[in-house]
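Here is the file start.pdb (PDB, C-alpha atoms).
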```pdb
ATOM      1  CA  MET A 215     101.592 100.289 121.376  1.00  0.00           C
ATOM      2  CA  THR A 216     103.772  97.253 120.830  1.00  0.00           C
ATOM      3  CA  VAL A 217     103.323  96.247 124.462  1.00  0.00           C
ATOM      4  CA  LEU A 218      99.543  96.367 124.049  1.00  0.00           C
ATOM      5  CA  ARG A 219      99.666  94.296 120.860  1.00  0.00           C
ATOM      6  CA  VAL A 220     101.806  91.619 122.473  1.00  0.00           C
ATOM      7  CA  THR A 221      99.663  91.594 125.621  1.00  0.00           C
ATOM      8  CA  PHE A 222      96.410  91.255 123.675  1.00  0.00           C
ATOM      9  CA  CYS A 223      97.952  88.542 121.491  1.00  0.00           C
ATOM     10  CA  ILE A 224      99.051  86.528 124.517  1.00  0.00           C
ATOM     11  CA  LEU A 225      95.639  86.942 126.166  1.00  0.00           C
ATOM     12  CA  ALA A 226      93.880  85.837 122.970  1.00  0.00           C
ATOM     13  CA  CYS A 227      96.084  82.744 122.760  1.00  0.00           C
ATOM     14  CA  LEU A 228      95.516  81.876 126.417  1.00  0.00           C
ATOM     15  CA  CYS A 229      91.746  82.232 126.014  1.00  0.00           C
ATOM     16  CA  ALA A 230      91.761  80.067 122.912  1.00  0.00           C
ATOM     17  CA  ALA A 231      93.883  77.422 124.647  1.00  0.00           C
ATOM     18  CA  SER A 232      91.672  77.395 127.726  1.00  0.00           C
ATOM     19  CA  ALA A 233      88.570  76.754 125.614  1.00  0.00           C
ATOM     20  CA  VAL A 234      89.470  73.082 125.107  1.00  0.00           C
ATOM     21  CA  PRO A 235      89.714  72.027 128.793  1.00  0.00           C
ATOM     22  CA  ILE A 236      86.687  74.140 129.683  1.00  0.00           C
ATOM     23  CA  GLY A 237      84.792  72.526 126.812  1.00  0.00           C
ATOM     24  CA  ILE A 238      85.697  69.069 128.053  1.00  0.00           C
ATOM     25  CA  PHE A 239      84.448  69.643 131.579  1.00  0.00           C
ATOM     26  CA  PHE A 240      81.741  72.275 131.210  1.00  0.00           C
ATOM     27  CA  GLU A 241      80.553  71.731 127.607  1.00  0.00           C
ATOM     28  CA  TRP A 242      78.857  74.928 126.346  1.00  0.00           C
ATOM     29  CA  TRP A 243      80.735  77.181 128.756  1.00  0.00           C
ATOM     30  CA  CYS A 244      83.686  76.923 126.376  1.00  0.00           C
ATOM     31  CA  LEU A 245      82.066  79.692 124.316  1.00  0.00           C
ATOM     32  CA  VAL A 246      82.993  82.248 126.980  1.00  0.00           C
ATOM     33  CA  PRO A 247      86.783  81.988 126.471  1.00  0.00           C
ATOM     34  CA  VAL A 248      86.249  81.735 122.708  1.00  0.00           C
ATOM     35  CA  ALA A 249      84.353  85.033 122.781  1.00  0.00           C
ATOM     36  CA  ALA A 250      87.094  86.533 124.956  1.00  0.00           C
ATOM     37  CA  ALA A 251      89.697  85.344 122.450  1.00  0.00           C
ATOM     38  CA  PHE A 252      87.842  87.118 119.639  1.00  0.00           C
ATOM     39  CA  LEU A 253      87.623  90.264 121.777  1.00  0.00           C
ATOM     40  CA  PHE A 254      91.351  90.263 122.533  1.00  0.00           C
ATOM     41  CA  ALA A 255      92.163  89.559 118.877  1.00  0.00           C
ATOM     42  CA  PHE A 256      90.025  92.549 117.870  1.00  0.00           C
ATOM     43  CA  LEU A 257      91.818  94.718 120.432  1.00  0.00           C
ATOM     44  CA  MET A 258      95.166  93.492 119.122  1.00  0.00           C
ATOM     45  CA  PHE A 259      94.315  94.575 115.577  1.00  0.00           C
ATOM     46  CA  ALA A 260      92.904  97.860 116.874  1.00  0.00           C
ATOM     47  CA  ALA A 261      96.152  98.508 118.752  1.00  0.00           C
ATOM     48  CA  LYS A 262      98.043  97.784 115.545  1.00  0.00           C
ATOM     49  CA  ASN A 263      96.167 100.670 113.925  1.00  0.00           C
ATOM     50  CA  ASN A 264      96.739 102.876 117.005  1.00  0.00           C
ATOM     51  CA  PHE A 265      93.014 102.835 117.806  1.00  0.00           C
ATOM     52  CA  THR A 266      92.332 105.398 115.071  1.00  0.00           C
ATOM     53  CA  ARG A 267      90.194 105.321 112.002  1.00  0.00           C
ATOM     54  CA  PRO A 268      91.719 106.381 108.715  1.00  0.00           C
ATOM     55  CA  LYS A 269      90.696 109.879 107.708  1.00  0.00           C
ATOM     56  CA  LYS A 270      88.658 110.243 104.577  1.00  0.00           C
ATOM     57  CA  GLU A 271      90.150 112.354 101.855  1.00  0.00           C
ATOM     58  CA  ALA A 272      88.215 115.359 100.715  1.00  0.00           C
ATOM     59  CA  ARG A 273      86.527 114.641  97.439  1.00  0.00           C
ATOM     60  CA  THR A 274      86.400 117.237  94.774  1.00  0.00           C
ATOM     61  CA  ASP A 275      83.040 118.611  93.818  1.00  0.00           C
ATOM     62  CA  PHE A 276      81.828 118.037  90.281  1.00  0.00           C
ATOM     63  CA  MET A 277      80.188 121.452  90.279  1.00  0.00           C
ATOM     64  CA  ASN A 278      83.582 123.153  90.667  1.00  0.00           C
ATOM     65  CA  SER A 279      85.727 124.082  87.741  1.00  0.00           C
ATOM     66  CA  ASP A 280      88.945 122.209  87.006  1.00  0.00           C
ATOM     67  CA  GLU A 281      91.009 125.072  88.425  1.00  0.00           C
ATOM     68  CA  GLU A 282      89.079 125.027  91.700  1.00  0.00           C
ATOM     69  CA  ASN A 283      89.444 121.254  91.996  1.00  0.00           C
ATOM     70  CA  GLU A 284      93.194 121.522  91.364  1.00  0.00           C
ATOM     71  CA  LYS A 285      93.428 124.196  94.060  1.00  0.00           C
ATOM     72  CA  ILE A 286      91.575 121.938  96.521  1.00  0.00           C
ATOM     73  CA  ARG A 287      93.896 119.014  95.728  1.00  0.00           C
ATOM     74  CA  ASN A 288      96.975 121.192  96.256  1.00  0.00           C
ATOM     75  CA  GLN A 289      95.655 122.402  99.606  1.00  0.00           C
ATOM     76  CA  ASN A 290      94.997 118.811 100.686  1.00  0.00           C
ATOM     77  CA  ASP A 291      98.514 117.777  99.676  1.00  0.00           C
ATOM     78  CA  GLU A 292      99.998 120.683 101.654  1.00  0.00           C
ATOM     79  CA  ASN A 293      97.943 119.733 104.714  1.00  0.00           C
ATOM     80  CA  LYS A 294      99.232 116.155 104.585  1.00  0.00           C
ATOM     81  CA  ASN A 295     102.853 117.294 104.635  1.00  0.00           C
TER      82      ASN A 295
END
```
So that I can check it, write out the structure of this file as structure tokens.
Amino acid sequence: MTVLRVTFCILACLCAASAVPIGIFFEWWCLVPVAAAFLFAFLMFAAKNNFTRPKKEARTDFMNSDEENEKIRNQNDENKN
């Protein structure tokens, strides 16, 4: 994953740096490399998180008794380990 992060970072920097000369010669076409830079920056941060979303923790139900909620919490803790 480190290789992907470094690659996306370099590509984002190159796109951002190429926006200035493209903007000088082609005016509004400089938005294309700027958009690409944002895309590569997003991919870099996604690679940092291993392209996964954090899992939501199970919430205890207010209709359960305290003993049942404690049992659910213990089961969740065991599943994490």
(message) Going by the chain IDs and residue numbers used in this file, which residues fall under the PyMOL selection byres ((chain A and resi 228-230) around 8)? Write them as number ranges by chain.
(response) A: 224-227, 231-234, 247-248, 250-251
(message) To test your reading of the syntax: which residues would the PyMOL selection byres ((chain A and resi 255-266) around 8) return for the file shown? Reply as a ChimeraX atom specification.
(response) /A:215-216,218-220,222-223,226,251-254,267-268
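Between atom CA of A:Ala249 and atom CA of A:Gly237 there is a distance of 13.1 Å.
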(request) Would you mind reading off the distance between atom CA of A:Cys244 and atom CA of A:Val217, one decimal, in Å? (result)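 For atom CA of A:Cys244 relative to atom CA of A:Val217, the distance reads 27.6 Å.
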(request) Go ahead and compute the interatomic distance for atom CA of A:Asn290 and atom CA of A:Asn278, in Å to one decimal. (result)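 Separation of atom CA of A:Asn290 and atom CA of A:Asn278: 15.8 Å.
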